[in-house]
Structure formats: C-alpha cells, structure tokens
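Q: Take a look at the following structure, please.
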Amino acid sequence: MLRFLVLALLVAAAQARATTSVLFIGNSFTYGAGSAIMGYRPELVHDLNGEHASGIPALFKALADQLGLDFDVSLETGPGRNFDWHWTEKRALLDRHWDVVVLQAYSVLDAEKPGDATQMSRYGDRLAKLLRARNPKVELNLMATWSRADQTYPAGQHWSGQPITAMAKDLQQAYDQVAQSLGARRVIPVGLAWNRAIESGLARANPYDPAAKGLLLWADDYYHASAHGSYLEALTVLGALTGCDPRLGEERVAHELGITASDALALQEVASKSLPPTRCCPLKLK
C-alpha cells in the first residue's frame, strides 16, 4: 500500500512539473489599464503582488486553454514601472524557478530620457541573471510595445511630427538590441503588429481625428490599449510563445471582450502575419 502511495505521489509531482510556468513582468501595458481587460478573469492567473491584476497574462492563458495547452501563468506588474523597480522592489517575488518569462519595459523606455534603453539594458541584465540562477534554461522573452498616439500627435513630445509607426519601430530596434545583449530567446513584436494593423487600414492611425475610420487600438487616453489593441497584443504573445498560428477562428475570448467575429478574425490575421511561420493548432475548447 505504501509503495502505491509513493508511486502516486511521484506521478503527481511529475505531472505538476510538466505544466509550463510563465511569468509576465511589466506595467500597465501588461495588466491592461484603460480597457475591459484590466479585470479579465483574474482567477486564471497568479498576481504575485496580490492585487488581482490579470490583463494580457489572463488573455494569453484563456487563449492557450482553448488550444489544450497547459500553462501556469503569473504576473508581477506595477503602473508606470520599468525594470529597475522590479529589480529593486520585487526581486524577492521573482527569485524562483520559472520556465518562460516575458519582460515588458516602460512605454518610452526611460521616463526621463525617452527612447534611451540604457537603464532597461542595465536592469534587464540583472533580472536575467537572477532568473537564470534559478533556472539556467529559462526562456527569456522581451515584449516590444506600440506607438503612443499621445507621444506622436501633440506637440512637444519625443516622437512629435513623425509617422505614427515610427515610435514602435524605434522601440522594436531598442528591444532587439537589449535582447541580443541578454541572450533572450526572442522579442515579441506587439508594436509592429499594431503598425501592420494601421498600415493595412484595419485600424485607424490617428485617434484624435474624428473622421478617421477603422478599429481603435488605443484606449480613451490614446496611450494604453483598447480591448481591440489588447486582443491583438495577446494574440501576438500567444503565437510567439507557443508557435501556434493565432488565426484561431471564432473563439470565446473575443466574444467575452465584446469584439465582433469579423474584427477578431481580422486581428488574428494581423497577428499571424507579424510572426515567423507558425503551426496550425486547432481549437479544442470553444
């Protein structure tokens, strides 16, 4: 009897280890401030800060669940935070074994020096070493974010007067450089996916223009993501981390967010085209 109990415990432990742990480290661009996703199904994820945040990590988990993929998803986030804050204030929470980590930095890279990735690189290196000390095989990912309309259209901002796609391209380049220095697995191109949606005419380029047509990717502050922008963000993360084509067809997350089937399919197409070749992973749950 004891022998069978021991075997059962060993099997249970092996099954527990088989679940891939995913940690998201970021700020309001990760937990989804400004839109309905901010409080989306918090029971799906573990907020290490105990604030019941959910956002993109919960969307990722819900999408992955429909594909029959088993992830144990956690997040550690704070509003307006960069890598230095996570290192200085939260590293005790992060200091454990993780299989996959997604790091998202401040929206302009540095609040005092927009476009400058020096601080991001410095503290990203410290976080990477902390995470690798616990798991040398941890998969590190960086998530490059989108152009802020409020940093582009009003005067006196770092990207004022430039095309709306310029900021996202600058961010992608900076993230690519930091990822190379950290030895990260990939940069998830969320900002470039937004650019593709805008350039294709699916999404509007200027949210300040009342006559503009297309989906609005920004929230009402023209800074954070709307439900549509967040859905595109989550689809891009899903495809990057799983290798599955984010063209899922009609699925329940979009419906829960109030996104029409046609808009969801169009955003899925954009996410798919923004990623390297992916494999088809049919929905198992609807």
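Letters A, B, ... go to the chains of the structure tokens in the order shown; residues in each chain start at 1; ligands are counted from 1 in the same order.
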Give me, as a PyMOL selection string, the residues of stretch 74-236 of chain A that a backbone DSSP run labels helix (DSSP H, G or I).

A: chain A and resi 83-94+118-134+149-151+166-182+190-199+227-236

Q: I need the chosen residues saved as a JSON list (two decimals), in the first residue's frame, with C-alpha atoms.

A:
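Once written, selection_17.json looks like this:
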[["chain", "number", "residue", "atom", "x", "y", "z"],
["A", 83, "PHE", "CA", 12.97, 47.08, -14.96],
["A", 84, "ASP", "CA", 14.78, 48.98, -12.20],
["A", 85, "TRP", "CA", 11.65, 48.94, -10.00],
["A", 86, "HIS", "CA", 11.09, 45.23, -10.45],
["A", 87, "TRP", "CA", 14.71, 44.61, -9.52],
["A", 88, "THR", "CA", 14.84, 46.97, -6.56],
["A", 89, "GLU", "CA", 11.39, 46.37, -5.07],
["A", 90, "LYS", "CA", 10.19, 42.98, -6.26],
["A", 91, "ARG", "CA", 13.12, 40.67, -6.89],
["A", 92, "ALA", "CA", 12.28, 38.53, -3.83],
["A", 93, "LEU", "CA", 8.98, 37.65, -5.54],
["A", 94, "LEU", "CA", 10.74, 36.85, -8.81],
["A", 118, "THR", "CA", 20.41, 52.21, -21.23],
["A", 119, "GLN", "CA", 18.53, 51.70, -17.96],
["A", 120, "MET", "CA", 16.39, 48.97, -19.48],
["A", 121, "SER", "CA", 19.52, 47.10, -20.55],
["A", 122, "ARG", "CA", 21.28, 47.52, -17.20],
["A", 123, "TYR", "CA", 18.44, 46.22, -15.07],
["A", 124, "GLY", "CA", 17.34, 43.71, -17.68],
["A", 125, "ASP", "CA", 20.76, 42.12, -17.30],
["A", 126, "ARG", "CA", 20.32, 41.92, -13.52],
["A", 127, "LEU", "CA", 16.89, 40.37, -13.85],
["A", 128, "ALA", "CA", 18.16, 37.88, -16.43],
["A", 129, "LYS", "CA", 20.96, 36.76, -14.11],
["A", 130, "LEU", "CA", 18.51, 36.40, -11.22],
["A", 131, "LEU", "CA", 16.17, 34.26, -13.29],
["A", 132, "ARG", "CA", 18.94, 32.12, -14.76],
["A", 133, "ALA", "CA", 20.39, 31.47, -11.33],
["A", 134, "ARG", "CA", 17.16, 29.62, -10.52],
["A", 149, "ALA", "CA", -0.57, 58.44, -30.03],
["A", 150, "ASP", "CA", -0.18, 60.92, -27.17],
["A", 151, "GLN", "CA", 3.58, 60.94, -27.80],
["A", 166, "ALA", "CA", 7.91, 55.44, -36.05],
["A", 167, "MET", "CA", 7.82, 55.02, -32.29],
["A", 168, "ALA", "CA", 7.01, 51.30, -32.49],
["A", 169, "LYS", "CA", 9.89, 50.81, -34.93],
["A", 170, "ASP", "CA", 12.27, 52.61, -32.58],
["A", 171, "LEU", "CA", 11.09, 50.51, -29.66],
["A", 172, "GLN", "CA", 11.48, 47.29, -31.63],
["A", 173, "GLN", "CA", 15.05, 48.23, -32.55],
["A", 174, "ALA", "CA", 15.89, 49.01, -28.92],
["A", 175, "TYR", "CA", 14.31, 45.79, -27.68],
["A", 176, "ASP", "CA", 16.20, 43.81, -30.33],
["A", 177, "GLN", "CA", 19.49, 45.25, -29.13],
["A", 178, "VAL", "CA", 18.72, 44.58, -25.47],
["A", 179, "ALA", "CA", 17.52, 41.06, -26.27],
["A", 180, "GLN", "CA", 20.79, 40.31, -28.02],
["A", 181, "SER", "CA", 22.82, 41.55, -25.05],
["A", 182, "LEU", "CA", 20.72, 39.46, -22.63],
["A", 190, "VAL", "CA", 3.49, 43.70, -30.48],
["A", 191, "GLY", "CA", 4.26, 47.23, -31.68],
["A", 192, "LEU", "CA", 4.98, 46.04, -35.20],
["A", 193, "ALA", "CA", 1.71, 44.11, -35.18],
["A", 194, "TRP", "CA", -0.07, 47.36, -34.33],
["A", 195, "ASN", "CA", 1.81, 49.03, -37.19],
["A", 196, "ARG", "CA", 0.63, 46.32, -39.56],
["A", 197, "ALA", "CA", -2.97, 46.79, -38.46],
["A", 198, "ILE", "CA", -2.67, 50.54, -39.06],
["A", 199, "GLU", "CA", -0.84, 50.31, -42.38],
["A", 227, "ALA", "CA", -9.89, 45.90, -25.97],
["A", 228, "HIS", "CA", -9.05, 45.54, -29.69],
["A", 229, "GLY", "CA", -5.44, 46.60, -29.15],
["A", 230, "SER", "CA", -5.11, 44.26, -26.18],
["A", 231, "TYR", "CA", -6.60, 41.36, -28.12],
["A", 232, "LEU", "CA", -4.02, 41.90, -30.86],
["A", 233, "GLU", "CA", -1.32, 42.08, -28.19],
["A", 234, "ALA", "CA", -2.44, 38.80, -26.61],
["A", 235, "LEU", "CA", -2.67, 37.03, -29.97],
["A", 236, "THR", "CA", 0.87, 38.09, -30.82]]

Q: So what do you get for atom CA of A:Ala254 versus atom CA of A:Ala62, distance-wise?

A: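 Going from atom CA of A:Ala254 over to atom CA of A:Ala62 covers 10.4 Å.
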
Q: By how many Å are atom CA of A:Asn82 and atom CA of A:Gln162 apart?

A: 24.7 Å

Q: Identify, on the basis of only C-alpha atoms, every residue whose closest approach to A:Ala225 does not exceed 8 Å; exclude the query and any residue fewer than 2 positions from it along the same chain; express the result as a PyMOL selection string.

A: chain A and resi 29+32-35+217-219+222-223+227-230

Q: Would you save the residues from that selection as a PDB file, in the first residue's frame, using N, CA and C atoms?

A:
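What landed in out36.pdb:
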ATOM      1  N   PHE A  29       0.892  48.298 -19.447  1.00  0.00           N
ATOM      2  CA  PHE A  29       0.763  47.743 -20.788  1.00  0.00           C
ATOM      3  C   PHE A  29       0.629  46.224 -20.733  1.00  0.00           C
ATOM      4  N   GLY A  32      -3.092  45.828 -18.553  1.00  0.00           N
ATOM      5  CA  GLY A  32      -4.225  46.277 -19.348  1.00  0.00           C
ATOM      6  C   GLY A  32      -5.012  47.448 -18.813  1.00  0.00           C
ATOM      7  N   ALA A  33      -4.333  48.453 -18.281  1.00  0.00           N
ATOM      8  CA  ALA A  33      -5.034  49.643 -17.790  1.00  0.00           C
ATOM      9  C   ALA A  33      -5.779  50.325 -18.932  1.00  0.00           C
ATOM     10  N   GLY A  34      -6.944  50.856 -18.619  1.00  0.00           N
ATOM     11  CA  GLY A  34      -7.670  51.655 -19.595  1.00  0.00           C
ATOM     12  C   GLY A  34      -8.688  50.915 -20.426  1.00  0.00           C
ATOM     13  N   SER A  35      -8.794  49.596 -20.254  1.00  0.00           N
ATOM     14  CA  SER A  35      -9.765  48.848 -21.047  1.00  0.00           C
ATOM     15  C   SER A  35     -10.382  47.734 -20.215  1.00  0.00           C
ATOM     16  N   LEU A 217      -7.204  51.055 -31.693  1.00  0.00           N
ATOM     17  CA  LEU A 217      -6.324  50.199 -30.899  1.00  0.00           C
ATOM     18  C   LEU A 217      -5.995  50.806 -29.549  1.00  0.00           C
ATOM     19  N   TRP A 218      -6.098  52.132 -29.438  1.00  0.00           N
ATOM     20  CA  TRP A 218      -5.793  52.806 -28.175  1.00  0.00           C
ATOM     21  C   TRP A 218      -7.047  52.928 -27.309  1.00  0.00           C
ATOM     22  N   ALA A 219      -6.821  53.005 -26.011  1.00  0.00           N
ATOM     23  CA  ALA A 219      -7.893  53.342 -25.075  1.00  0.00           C
ATOM     24  C   ALA A 219      -8.187  54.837 -25.183  1.00  0.00           C
ATOM     25  N   TYR A 222      -5.446  57.479 -25.416  1.00  0.00           N
ATOM     26  CA  TYR A 222      -4.559  57.447 -26.591  1.00  0.00           C
ATOM     27  C   TYR A 222      -3.132  57.044 -26.209  1.00  0.00           C
ATOM     28  N   TYR A 223      -3.040  56.191 -25.215  1.00  0.00           N
ATOM     29  CA  TYR A 223      -1.777  55.823 -24.574  1.00  0.00           C
ATOM     30  C   TYR A 223      -1.782  54.308 -24.363  1.00  0.00           C
ATOM     31  N   ALA A 227      -9.645  47.337 -25.921  1.00  0.00           N
ATOM     32  CA  ALA A 227      -9.892  45.895 -25.974  1.00  0.00           C
ATOM     33  C   ALA A 227      -9.357  45.313 -27.279  1.00  0.00           C
ATOM     34  N   HIS A 228      -9.551  46.030 -28.398  1.00  0.00           N
ATOM     35  CA  HIS A 228      -9.046  45.542 -29.686  1.00  0.00           C
ATOM     36  C   HIS A 228      -7.517  45.505 -29.702  1.00  0.00           C
ATOM     37  N   GLY A 229      -6.894  46.573 -29.195  1.00  0.00           N
ATOM     38  CA  GLY A 229      -5.439  46.597 -29.152  1.00  0.00           C
ATOM     39  C   GLY A 229      -4.880  45.526 -28.242  1.00  0.00           C
ATOM     40  N   SER A 230      -5.549  45.291 -27.119  1.00  0.00           N
ATOM     41  CA  SER A 230      -5.109  44.263 -26.178  1.00  0.00           C
ATOM     42  C   SER A 230      -5.285  42.865 -26.758  1.00  0.00           C
TER      43      SER A 230
END

Q: Please provide the set of residues having any atom within 12 Å of A:Leu59, restricted to only C-alpha atoms, with same-chain residues fewer than 5 positions apart removed, written as JSON, numbers by chain.

A: {"A": [30, 31, 32, 36, 37, 38, 39, 40, 41, 42, 43, 44, 45, 53, 54, 64, 65, 66, 73, 227, 230, 231, 232, 233, 234, 235, 236, 237, 238, 251, 252, 253, 254, 256, 257]}

Q: Output the selection as a short mmCIF file (atom, residue, chain, number, x, y, z; two decimals), in the first residue's frame - C-alpha atoms for each residue.

A:
data_model
loop_
_atom_site.label_atom_id
_atom_site.label_comp_id
_atom_site.auth_asym_id
_atom_site.auth_seq_id
_atom_site.Cartn_x
_atom_site.Cartn_y
_atom_site.Cartn_z
CA THR A 30 0.83 44.19 -19.41
CA TYR A 31 -2.05 44.32 -16.94
CA GLY A 32 -4.23 46.28 -19.35
CA ALA A 36 -12.04 45.96 -20.14
CA ILE A 37 -9.15 43.52 -20.00
CA MET A 38 -7.79 45.05 -16.79
CA GLY A 39 -10.14 42.88 -14.74
CA TYR A 40 -10.46 40.00 -17.19
CA ARG A 41 -10.82 36.65 -15.38
CA PRO A 42 -8.22 37.17 -12.63
CA GLU A 43 -8.82 33.62 -11.41
CA LEU A 44 -6.83 32.34 -14.39
CA VAL A 45 -3.52 33.80 -13.20
CA ALA A 53 -4.40 42.03 -11.74
CA SER A 54 -4.90 39.96 -14.88
CA ALA A 64 -3.95 28.83 -24.68
CA ASP A 65 -6.55 26.86 -22.73
CA GLN A 66 -8.73 26.73 -25.84
CA VAL A 73 0.63 31.86 -15.57
CA ALA A 227 -9.89 45.90 -25.97
CA SER A 230 -5.11 44.26 -26.18
CA TYR A 231 -6.60 41.36 -28.12
CA LEU A 232 -4.02 41.90 -30.86
CA GLU A 233 -1.32 42.08 -28.19
CA ALA A 234 -2.44 38.80 -26.61
CA LEU A 235 -2.67 37.03 -29.97
CA THR A 236 0.87 38.09 -30.82
CA VAL A 237 2.12 36.85 -27.45
CA LEU A 238 0.26 33.56 -27.92
CA GLU A 251 -13.23 31.72 -30.17
CA ARG A 252 -14.62 32.81 -26.82
CA VAL A 253 -12.10 35.42 -25.63
CA ALA A 254 -13.02 37.88 -28.37
CA GLU A 256 -16.10 37.98 -23.89
CA LEU A 257 -14.34 41.25 -24.76
#

Q: Name the closest residue to A:Ala240 among the candidates A:Glu139, A:Asp220, A:Glu76, A:Asp263; distances are taken between atoms, counting only C-alpha atoms.

A: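 Among the listed residues, A:Glu139 lies closest to A:Ala240.
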
Q: For A:Asn135, work out the shell of residues within 8 Å, counting only C-alpha atoms and skipping chain neighbours fewer than 5 positions away, then give it as a list in words.

A: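 What passes the distance filter is His97, Trp98 and Asp99 of chain A.
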
Q: Looking at only C-alpha atoms, which of A:Leu140, A:Cys244, A:Cys280, A:Ala105 is the one that sits closest to A:Pro79?

A: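 Among the listed residues, the smallest separation from A:Pro79 belongs to A:Ala105.
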
Q: Pick out the closest residue to A:Ala184 from this set: A:Asp110, A:Arg247, A:Leu67, A:Asn141. Count only C-alpha atoms.

A: A:Asn141

Q: May I ask for the distance between atom CA of A:Arg204 and atom CA of A:Thr165, given in Å to one decimal place?

A: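 Going from atom CA of A:Arg204 over to atom CA of A:Thr165, I get 11.6 Å.
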